[in-house]
file my_file.txt (compact mmCIF, C-alpha atoms and all ligand atoms)
# COMPACT_ATOMS: atom_id res chain seq x y z
CA MET A 15 38.49 20.81 107.56
CA ARG A 16 41.76 21.80 109.22
CA ILE A 17 42.86 19.28 111.84
CA ALA A 18 45.19 19.77 114.79
CA MET A 19 46.26 16.41 116.20
CA ILE A 20 47.92 15.38 119.47
CA GLY A 21 49.68 12.01 119.09
CA LEU A 22 51.30 10.38 116.09
CA GLY A 23 51.64 6.83 117.45
CA THR A 24 49.63 3.75 116.49
CA VAL A 25 46.32 5.59 116.06
CA GLY A 26 47.65 9.00 114.97
CA ALA A 27 49.92 7.59 112.26
CA GLY A 28 47.06 5.29 111.17
CA LEU A 29 44.81 8.34 110.84
CA ALA A 30 47.44 10.29 108.85
CA ARG A 31 47.65 7.34 106.42
CA LEU A 32 43.85 7.13 106.11
CA ILE A 33 43.45 10.86 105.46
CA ASP A 34 46.20 10.66 102.85
CA ALA A 35 44.59 7.67 101.12
CA GLN A 36 40.94 8.66 101.40
CA GLY A 37 41.13 12.45 101.01
CA PRO A 38 39.40 12.60 97.60
CA ARG A 39 36.56 10.29 98.70
CA LEU A 40 36.03 12.30 101.89
CA ARG A 41 35.83 15.49 99.83
CA GLU A 42 33.20 13.86 97.61
CA GLN A 43 31.15 12.70 100.61
CA THR A 44 31.27 15.87 102.70
CA GLY A 45 32.15 18.62 100.23
CA ARG A 46 35.18 19.48 102.39
CA SER A 47 38.86 18.69 102.25
CA PHE A 48 40.53 17.20 105.32
CA GLU A 49 44.04 18.38 106.12
CA LEU A 50 46.42 17.95 109.05
CA ALA A 51 47.63 21.44 110.01
CA ALA A 52 49.61 20.80 113.23
CA VAL A 53 50.75 17.77 115.22
CA LEU A 54 51.94 17.60 118.85
CA VAL A 55 54.17 14.69 119.90
CA ARG A 56 56.65 14.01 122.70
CA ASP A 57 59.66 13.51 120.43
CA PRO A 58 59.51 15.23 117.03
CA ARG A 59 62.75 13.52 115.89
CA LYS A 60 61.33 10.00 116.12
CA PRO A 61 61.12 8.32 112.69
CA ARG A 62 57.47 7.69 111.73
CA GLU A 63 55.51 6.05 108.95
CA ALA A 64 52.99 8.85 108.66
CA PRO A 65 52.45 10.91 105.51
CA LEU A 66 52.04 14.54 106.62
CA PRO A 67 51.16 17.31 104.16
CA PRO A 68 53.79 19.97 103.41
CA GLY A 69 53.46 22.84 105.87
CA CYS A 70 52.08 20.68 108.70
CA VAL A 71 53.82 21.81 111.90
CA VAL A 72 55.21 18.96 114.05
CA THR A 73 56.31 20.02 117.53
CA ALA A 74 56.76 18.81 121.11
CA ASP A 75 55.89 22.24 122.51
CA PRO A 76 52.18 22.61 123.42
CA GLU A 77 52.39 26.43 123.14
CA ALA A 78 53.83 26.24 119.61
CA PHE A 79 51.22 23.60 118.75
CA PHE A 80 48.23 25.67 119.90
CA ALA A 81 49.69 28.77 118.23
CA ALA A 82 50.09 26.85 114.95
CA ALA A 83 46.56 25.41 115.30
CA SER A 84 45.09 28.84 115.83
CA GLY A 85 47.24 30.36 113.04
CA ALA A 86 45.94 27.67 110.70
CA THR A 87 42.39 28.23 112.05
CA ALA A 88 42.06 24.54 112.92
CA ASP A 89 38.42 23.42 113.17
CA VAL A 90 39.01 20.37 115.30
CA LEU A 91 41.43 18.87 117.81
CA VAL A 92 41.97 15.14 117.33
CA GLU A 93 43.42 13.79 120.59
CA VAL A 94 45.06 10.39 120.09
CA ALA A 95 47.81 10.64 122.74
CA GLY A 96 46.18 9.32 125.92
CA GLY A 97 46.45 10.07 129.66
CA ALA A 98 43.64 11.42 131.84
CA ALA A 99 45.32 14.59 133.12
CA PRO A 100 47.06 15.87 129.96
CA GLY A 101 44.00 14.81 127.94
CA ARG A 102 41.70 16.90 130.15
CA GLY A 103 43.95 19.96 129.82
CA PHE A 104 44.28 19.64 126.04
CA ALA A 105 40.53 19.06 125.60
CA LEU A 106 39.46 22.07 127.68
CA ARG A 107 42.02 24.33 126.02
CA ALA A 108 40.95 23.31 122.51
CA LEU A 109 37.22 23.69 123.24
CA ARG A 110 37.75 27.11 124.79
CA ALA A 111 39.75 28.10 121.70
CA GLY A 112 36.71 27.24 119.57
CA MET A 113 37.76 23.83 118.22
CA HIS A 114 35.56 20.76 118.11
CA LEU A 115 37.00 17.68 119.82
CA VAL A 116 37.41 14.14 118.48
CA THR A 117 39.12 11.93 121.03
CA ALA A 118 40.19 8.30 121.47
CA ASN A 119 41.28 9.03 125.05
CA LYS A 120 39.20 6.67 127.21
CA ALA A 121 41.21 7.46 130.37
CA MET A 122 40.30 11.14 130.05
CA LEU A 123 36.60 10.46 129.38
CA ALA A 124 36.31 7.89 132.18
CA ALA A 125 37.69 10.42 134.68
CA HIS A 126 36.69 13.85 133.31
CA GLY A 127 34.02 13.13 130.68
CA ALA A 128 31.25 15.15 132.38
CA GLU A 129 33.47 18.22 132.75
CA VAL A 130 34.69 18.06 129.14
CA ALA A 131 31.15 17.47 127.81
CA ALA A 132 29.92 20.49 129.80
CA ALA A 133 32.79 22.59 128.43
CA ALA A 134 31.89 21.54 124.87
CA GLN A 135 28.25 22.46 125.50
CA GLN A 136 29.25 25.83 126.94
CA ALA A 137 31.55 26.55 123.99
CA GLY A 138 28.93 25.41 121.45
CA ARG A 139 31.42 22.84 120.04
CA GLU A 140 30.90 19.16 119.24
CA LEU A 141 32.45 16.21 121.08
CA PHE A 142 33.03 12.83 119.38
CA PHE A 143 34.64 9.74 120.96
CA GLU A 144 33.77 6.61 118.97
CA ALA A 145 37.40 5.41 118.98
CA SER A 146 37.61 5.45 122.79
CA VAL A 147 35.77 2.10 123.15
CA CYS A 148 36.20 -1.08 121.10
CA GLY A 149 38.18 0.46 118.19
CA GLY A 150 36.32 -0.28 114.98
CA VAL A 151 33.12 -1.63 116.57
CA PRO A 152 30.55 1.20 116.70
CA VAL A 153 29.42 0.57 120.27
CA VAL A 154 29.44 4.25 121.26
CA ALA A 155 27.15 5.18 118.36
CA ALA A 156 24.92 2.22 119.21
CA LEU A 157 24.53 3.20 122.87
CA ALA A 158 24.42 6.95 122.39
CA ARG A 159 22.21 7.08 119.32
CA ALA A 160 20.52 3.78 118.55
CA VAL A 161 19.48 2.19 121.85
CA PRO A 162 16.40 3.91 123.24
CA PRO A 163 16.63 5.09 126.85
CA ALA A 164 15.43 2.43 129.29
CA ASP A 165 15.10 2.21 133.07
CA ARG A 166 17.03 -1.05 133.06
CA THR A 167 19.99 -1.75 130.83
CA GLY A 168 22.47 -4.64 130.92
CA LEU A 169 25.92 -4.49 129.35
CA LEU A 170 28.06 -7.58 128.90
CA GLY A 171 31.27 -7.25 126.95
CA VAL A 172 34.76 -8.30 126.01
CA VAL A 173 36.26 -4.87 125.43
CA ASN A 174 40.03 -5.37 125.61
CA GLY A 175 41.64 -6.86 122.51
CA THR A 176 45.02 -7.41 124.19
CA CYS A 177 43.57 -9.53 127.00
CA ASN A 178 41.39 -11.49 124.61
CA PHE A 179 44.39 -12.06 122.35
CA ILE A 180 46.50 -13.27 125.31
CA LEU A 181 43.76 -15.53 126.73
CA SER A 182 43.04 -16.97 123.24
CA ALA A 183 46.74 -17.62 122.54
CA MET A 184 47.21 -19.29 125.95
CA ALA A 185 44.14 -21.52 125.51
CA GLU A 186 44.29 -22.26 121.78
CA ARG A 187 48.05 -22.43 121.12
CA GLY A 188 49.43 -23.08 124.60
CA THR A 189 51.49 -19.86 124.33
CA PRO A 190 52.95 -18.74 127.68
CA TYR A 191 51.48 -15.50 129.09
CA ALA A 192 54.65 -13.38 128.58
CA SER A 193 55.12 -14.42 124.93
CA ALA A 194 51.43 -13.79 124.16
CA LEU A 195 51.69 -10.29 125.68
CA ALA A 196 54.86 -9.54 123.67
CA GLU A 197 53.08 -10.68 120.49
CA ALA A 198 50.07 -8.43 121.26
CA GLN A 199 52.44 -5.49 121.73
CA ARG A 200 54.24 -6.23 118.44
CA LEU A 201 50.90 -6.28 116.62
CA GLY A 202 49.92 -2.86 118.05
CA TYR A 203 46.97 -4.13 120.16
CA ALA A 204 48.44 -3.26 123.56
CA GLU A 205 48.20 0.11 125.28
CA ALA A 206 51.48 2.06 125.56
CA ASP A 207 51.69 0.66 129.10
CA PRO A 208 50.34 -2.93 128.94
CA THR A 209 49.65 -2.86 132.68
CA PHE A 210 46.50 -0.91 131.82
CA ASP A 211 45.32 -3.82 129.67
CA VAL A 212 46.23 -6.81 131.82
CA SER A 213 45.19 -5.21 135.13
CA GLY A 214 41.68 -4.70 133.75
CA ARG A 215 41.97 -0.90 134.04
CA ASP A 216 41.50 -0.35 130.29
CA SER A 217 38.31 -2.45 130.37
CA ALA A 218 37.09 -0.55 133.45
CA GLU A 219 37.56 2.77 131.62
CA LYS A 220 35.63 1.50 128.59
CA LEU A 221 32.87 0.04 130.77
CA ALA A 222 32.62 3.36 132.65
CA ILE A 223 32.11 5.23 129.35
CA LEU A 224 29.49 2.76 128.08
CA ALA A 225 27.68 2.69 131.42
CA SER A 226 27.70 6.51 131.51
CA LEU A 227 25.96 6.57 128.13
CA ALA A 228 23.40 3.97 129.23
CA ALA A 229 22.77 5.63 132.62
CA GLY A 230 22.72 9.23 131.38
CA ARG A 231 25.10 10.14 134.26
CA ALA A 232 28.88 9.98 134.25
CA ILE A 233 30.29 6.91 136.02
CA GLN A 234 34.01 6.90 136.82
CA ALA A 235 36.40 4.04 136.11
CA ASP A 236 37.73 4.22 139.69
CA TRP A 237 34.30 3.06 140.89
CA VAL A 238 34.37 -0.19 138.87
CA ALA A 239 35.35 -3.34 140.86
CA THR A 240 38.23 -4.60 138.73
CA THR A 241 40.39 -7.74 138.49
CA GLY A 242 42.81 -8.34 135.61
CA ILE A 243 44.09 -11.45 133.85
CA THR A 244 47.51 -11.82 135.48
CA GLY A 245 46.10 -14.42 137.90
CA VAL A 246 44.69 -16.63 135.13
CA THR A 247 46.56 -19.96 135.24
CA PRO A 248 46.74 -23.00 132.92
CA ALA A 249 44.60 -24.75 135.57
CA HIS A 250 41.81 -22.16 135.03
CA LEU A 251 42.05 -22.71 131.26
CA ALA A 252 41.84 -26.50 131.71
CA GLU A 253 38.84 -26.13 134.05
CA ALA A 254 37.16 -23.88 131.46
CA ARG A 255 37.78 -26.43 128.70
CA ALA A 256 36.32 -29.22 130.85
CA HIS A 257 33.09 -27.20 131.20
CA ARG A 258 32.91 -26.20 127.49
CA CYS A 259 33.87 -22.64 128.43
CA ALA A 260 36.58 -20.13 127.58
CA VAL A 261 38.16 -17.73 130.06
CA ARG A 262 37.34 -14.18 128.96
CA LEU A 263 37.97 -10.80 130.62
CA ILE A 264 34.34 -9.77 131.05
CA ALA A 265 33.16 -6.18 131.56
CA ALA A 266 29.61 -6.20 132.88
CA ALA A 267 27.13 -3.60 134.13
CA ARG A 268 23.53 -3.56 135.21
CA ILE A 269 21.89 -0.15 135.30
CA ASP A 270 18.65 0.13 137.19
CA GLY A 271 17.26 3.65 137.52
CA PRO A 272 19.81 5.74 139.42
CA ARG A 273 21.73 2.65 140.57
CA ALA A 274 24.43 0.81 138.65
CA ALA A 275 26.33 -2.40 139.46
CA LEU A 276 29.59 -2.92 137.55
CA ARG A 277 32.50 -5.31 137.48
CA VAL A 278 35.47 -6.26 135.30
CA GLY A 279 37.08 -9.65 135.83
CA PRO A 280 38.10 -12.95 134.24
CA ALA A 281 35.15 -15.27 133.89
CA PHE A 282 34.23 -18.76 132.67
CA THR A 283 32.26 -17.96 129.53
CA PRO A 284 30.27 -20.74 127.80
CA LEU A 285 31.45 -21.47 124.26
CA ASP A 286 27.85 -21.26 123.09
CA HIS A 287 27.69 -17.63 124.30
CA PRO A 288 28.81 -15.12 121.60
CA LEU A 289 31.45 -13.70 124.01
CA GLY A 290 32.89 -17.20 124.56
CA ARG A 291 33.45 -17.59 120.83
CA LEU A 292 35.34 -14.29 120.38
CA SER A 293 38.95 -15.09 119.56
CA GLY A 294 42.15 -13.03 119.25
CA PRO A 295 41.83 -9.24 119.44
CA GLN A 296 38.09 -9.31 118.72
CA ASN A 297 35.77 -7.28 120.95
CA GLY A 298 32.07 -7.84 121.55
CA LEU A 299 29.28 -6.15 123.45
CA ALA A 300 25.78 -7.35 124.29
CA VAL A 301 23.31 -4.59 125.21
CA ARG A 302 20.06 -5.62 126.84
CA ALA A 303 17.25 -3.12 127.36
CA GLU A 304 13.49 -3.40 127.67
CA PRO A 305 11.47 -3.48 125.51
CA MET A 306 14.22 -3.62 122.86
CA GLY A 307 15.64 -7.05 123.81
CA GLU A 308 19.31 -7.94 123.27
CA VAL A 309 21.65 -6.57 120.59
CA PHE A 310 25.13 -8.00 120.05
CA LEU A 311 27.96 -6.14 118.29
CA SER A 312 31.39 -7.57 117.61
CA GLY A 313 34.49 -6.88 115.54
CA PRO A 314 38.07 -5.62 115.60
CA GLY A 315 38.53 -3.81 118.91
CA ALA A 316 42.08 -2.43 118.64
CA GLY A 317 44.95 -1.64 116.32
CA ALA A 318 45.78 1.20 113.95
CA GLY A 319 43.31 0.38 111.16
CA PRO A 320 40.10 -0.14 113.18
CA THR A 321 40.78 2.66 115.68
CA ALA A 322 41.86 5.24 113.07
CA SER A 323 38.77 4.28 111.04
CA ALA A 324 36.58 5.13 114.04
CA VAL A 325 38.31 8.53 114.36
CA LEU A 326 37.85 9.16 110.65
CA SER A 327 34.18 8.25 110.82
CA ASP A 328 33.74 10.87 113.59
CA LEU A 329 35.60 13.44 111.44
CA ARG A 330 33.36 12.63 108.48
CA LEU A 331 30.25 13.11 110.66
CA LEU A 332 31.64 16.42 111.89
CA GLY A 333 32.51 17.46 108.32
CA SER A 334 28.95 16.70 107.22
CA GLY A 335 27.61 18.99 109.96
CA GLY A 336 26.40 16.10 112.12
CA PRO A 337 25.89 16.64 115.85
CA GLY A 338 28.44 15.23 118.28
CA THR A 339 27.91 12.27 120.58
CA PRO A 340 26.02 13.24 123.73
CA PHE A 341 28.02 12.43 126.90
CA PRO A 342 26.32 13.18 130.25
CA THR A 343 27.31 16.46 131.85
CA THR A 344 26.32 15.38 135.36
CA THR A 345 28.08 12.76 137.46
CA ALA A 346 26.36 9.80 139.15
CA SER A 347 26.31 9.60 142.92
CA ARG A 348 29.13 7.32 144.17
CA ALA A 349 26.71 5.76 146.70
CA ASP A 350 24.57 4.42 143.83
CA ILE A 351 27.45 2.39 142.32
CA THR A 352 28.12 -1.16 143.61
CA PRO A 353 30.11 -4.23 142.46
CA LEU A 354 28.12 -6.55 140.19
CA GLU A 355 27.62 -9.98 141.76
CA GLU A 356 26.84 -12.17 138.75
CA PRO A 357 27.30 -11.21 135.10
CA GLY A 358 24.37 -13.36 133.84
CA GLY A 359 24.17 -15.19 130.52
CA GLY A 360 25.59 -18.37 132.13
CA ILE A 361 28.94 -16.58 132.71
CA ARG A 362 30.70 -17.10 136.10
CA TRP A 363 33.54 -15.05 137.61
CA LEU A 364 36.71 -17.11 138.23
CA SER A 365 37.06 -18.15 141.84
CA GLY A 366 40.26 -17.46 143.78
CA ASP A 367 40.93 -14.11 142.11
CA GLY A 368 40.70 -12.03 145.25
CA ARG A 369 36.94 -11.67 145.56
N1 LIG B 1 46.11 1.48 119.94
C1 LIG B 1 44.83 1.14 119.96
O1 LIG B 1 44.46 0.09 119.43
C2 LIG B 1 43.80 2.03 120.60
C3 LIG B 1 42.44 1.65 120.54
C4 LIG B 1 41.46 2.50 121.09
C5 LIG B 1 41.85 3.67 121.71
N2 LIG B 1 43.17 4.00 121.78
C6 LIG B 1 43.53 5.26 122.45
O2 LIG B 1 44.14 6.11 121.52
C7 LIG B 1 45.11 6.93 122.17
C8 LIG B 1 46.46 6.72 121.47
O3 LIG B 1 46.82 5.37 121.53
P1 LIG B 1 48.07 4.81 120.69
O4 LIG B 1 47.97 3.34 120.78
O5 LIG B 1 48.13 5.46 119.36
O6 LIG B 1 49.29 5.30 121.60
P2 LIG B 1 50.84 5.39 121.19
O7 LIG B 1 51.13 4.51 120.03
O8 LIG B 1 51.61 5.21 122.44
O9 LIG B 1 50.99 6.89 120.69
C9 LIG B 1 50.82 7.98 121.54
C10 LIG B 1 51.24 9.22 120.81
O10 LIG B 1 50.94 10.35 121.60
C11 LIG B 1 52.12 11.14 121.81
N3 LIG B 1 52.01 11.65 123.17
C12 LIG B 1 51.79 10.95 124.31
N4 LIG B 1 51.69 11.78 125.37
C13 LIG B 1 51.87 13.02 124.89
C14 LIG B 1 51.89 14.31 125.48
N5 LIG B 1 51.70 14.49 126.81
N6 LIG B 1 52.11 15.37 124.68
C15 LIG B 1 52.29 15.21 123.35
N7 LIG B 1 52.26 14.02 122.72
C16 LIG B 1 52.06 12.94 123.49
C17 LIG B 1 53.30 10.21 121.57
O11 LIG B 1 54.41 10.96 121.11
P3 LIG B 1 55.80 10.25 120.67
O12 LIG B 1 55.46 9.44 119.43
O13 LIG B 1 56.73 11.34 120.38
O14 LIG B 1 56.18 9.36 121.82
C18 LIG B 1 52.72 9.28 120.48
O15 LIG B 1 52.91 9.84 119.20
C19 LIG B 1 45.10 6.51 123.64
O16 LIG B 1 44.23 7.36 124.35
C20 LIG B 1 44.52 5.10 123.60
O17 LIG B 1 43.86 4.74 124.78
C21 LIG B 1 44.15 3.21 121.23
call {"tool": "encode", "arguments": {"input": "my_file.txt", "output": "structure tokens"}}
result
Amino acid sequence: MRIAMIGLGTVGAGLARLIDAQGPRLREQTGRSFELAAVLVRDPRKPREAPLPPGCVVTADPEAFFAAASGATADVLVEVAGGAAPGRGFALRALRAGMHLVTANKAMLAAHGAEVAAAAQQAGRELFFEASVCGGVPVVAALARAVPPADRTGLLGVVNGTCNFILSAMAERGTPYASALAEAQRLGYAEADPTFDVSGRDSAEKLAILASLAAGRAIQADWVATTGITGVTPAHLAEARAHRCAVRLIAAARIDGPRAALRVGPAFTPLDHPLGRLSGPQNGLAVRAEPMGEVFLSGPGAGAGPTASAVLSDLRLLGSGGPGTPFPTTTASRADITPLEEPGGGIRWLSGDGR
């Protein structure tokens, strides 16, 4: 399988290393070889720890990139760059050129997912996006493939590793907010612009994608009532401790027929709740649906290894001829989306955070 890739940062370089290390095993499993044919970056002179095969074109010029991809008859575009608007343009261009799409770009999906899914359908190409939510935890596969459709679905998650790392470091080690954020960035957990993490926007994008899968209609991140963690104080952490709780950035949704209530915000989370026990960059998601009951998934939600592994697992599915992940091609009505009042599960939103 010939791969054209946009982005050679944390996730892209991680994927290049995985393909290099696991090439023979992938060939055994799928009967196909996996090779990077062209890579688009912003600055091709930047030094990188990414093993690229000889002949792989590395360029900052999108025209040269798409020409190289088409010259090499690339089967798939892997988009691990980010950004809603460039991501949309790259995705539509690749699909129309006959490539499948594997993307980690949550911002693009949370704003333009329905349009891109419709374009994939029209082009007869597959769309995969496991890496866009919770890195190495297969929450997209669980919601899109394993959880049966239900009229009522509840989602309750900690979906941002950077915020959970910061909140854990502040509560467990007494680390000041700014030092905890710098440490998260050093370890590769933070988004390129950490404002997306700490403002709650990153969680809102992930919640929008998960809620879209559960609702069967695309829900946009802009519609999610969102508060970040910058207002969390040592006093909140002490109050949480006094009530046997942790402060967690909770992403919660309740989907009821055509209506959906969603919110992202810091919340007192009981330590006997699985989300209260998640520490460091761990992510977790509880999915409740009738008559299934509740399923809880947790694991490493960010970083090069987990996220690149999720991309590689999509590529392996594609290489084995598996169908893509169904994303709704129609958008929900804005009037049906409201802010979620209470998350449930004994979890309470922090007071004094602007609500
Ligand atoms: N890091 C994670 O743990 C994680 C987890 C889940 C999902 N994701 C998603 O994965 C994607 C990549 O994240 P990352 O952490 O790998 O980001 P990153 O380290 O900042 O890397 C981004 C890469 O994309 C390139 N790039 C950015 N904009 C571009 C453009 N317009 N044209 C061409 N190249 C462009 C950059 O080029 P230069 O290197 O030349 O600057 C860089 O190589 C994002 O959508 C992110 O939301 C990341």
call {"tool": "residues_around", "arguments": {"input": "my_file.txt", "residues": "A:Asn174", "least_positions_apart": "3", "cutoff": "8 Å", "atoms": "all atoms listed in the file", "output": "list in words"}}
result
Cys148, Cys177, Asn178, Asp211, Asp216, Ser217, Leu263, Pro295, Asn297, Gly315 and Ala316 of chain A
call {"tool": "closest_atom_pairs", "arguments": {"input": "my_file.txt", "of": "chain A", "to": "ligand LIG 1 (chain B)", "cutoff": "6 Å", "atoms": "all atoms listed in the file", "output": "tab-separated table"}}
result
residue	atom	partner	partner_atom	distance
A:Ile20	CA	B:LIG1	N7	5.6
A:Gly21	CA	B:LIG1	O10	3.3
A:Leu22	CA	B:LIG1	O15	3.5
A:Gly23	CA	B:LIG1	O9	3.3
A:Thr24	CA	B:LIG1	O5	3.7
A:Val25	CA	B:LIG1	O5	3.8
A:Gly26	CA	B:LIG1	O5	5.7
A:Leu54	CA	B:LIG1	C15	5.1
A:Val55	CA	B:LIG1	N7	3.5
A:Arg56	CA	B:LIG1	O13	3.5
A:Asp57	CA	B:LIG1	O13	3.6
A:Pro58	CA	B:LIG1	O13	5.8
A:Val94	CA	B:LIG1	C7	4.0
A:Ala95	CA	B:LIG1	O10	3.3
A:Gly96	CA	B:LIG1	O16	3.2
A:Pro100	CA	B:LIG1	N5	5.8
A:Ala118	CA	B:LIG1	O2	4.5
A:Asn119	CA	B:LIG1	O16	3.5
A:Lys120	CA	B:LIG1	O17	5.6
A:Ala145	CA	B:LIG1	C4	5.4
A:Ser146	CA	B:LIG1	C5	4.7
A:Gly149	CA	B:LIG1	C4	4.8
A:Tyr203	CA	B:LIG1	O1	5.0
A:Glu205	CA	B:LIG1	O4	5.5
A:Ala206	CA	B:LIG1	O8	4.4
A:Ala316	CA	B:LIG1	O1	3.6
A:Gly317	CA	B:LIG1	O1	3.6
A:Ala318	CA	B:LIG1	O1	5.7
A:Thr321	CA	B:LIG1	C3	5.2
call {"tool": "closest_residue", "arguments": {"input": "my_file.txt", "among": "A:Thr87, A:Thr73, A:Thr244, A:Gln234", "to": "A:His126", "atoms": "all atoms listed in the file"}}
result
A:Gln234
call {"tool": "atom_distance", "arguments": {"input": "my_file.txt", "atom1": "atom CA of A:Ala35", "atom2": "atom CA of A:Val92"}}
result
18.0 Å
call {"tool": "residues_around", "arguments": {"input": "my_file.txt", "residues": "A:Gln43", "least_positions_apart": "3", "cutoff": "12 Å", "atoms": "only C-alpha atoms", "output": "VMD selection string"}}
result
chain A and resid 36 to 40 46 to 48 327 329 to 335
call {"tool": "atom_distance", "arguments": {"input": "my_file.txt", "atom1": "atom CA of A:Ala86", "atom2": "atom CA of A:Ala132"}}
result
25.9 Å
call {"tool": "atom_distance", "arguments": {"input": "my_file.txt", "atom1": "atom CA of A:Ala158", "atom2": "atom CA of A:Thr209"}}
result
29.0 Å
call {"tool": "closest_residue", "arguments": {"input": "my_file.txt", "among": "A:Ala121, A:Glu197, A:Ala232, A:Tyr191", "to": "A:Phe210", "atoms": "only C-alpha atoms"}}
result
A:Ala121
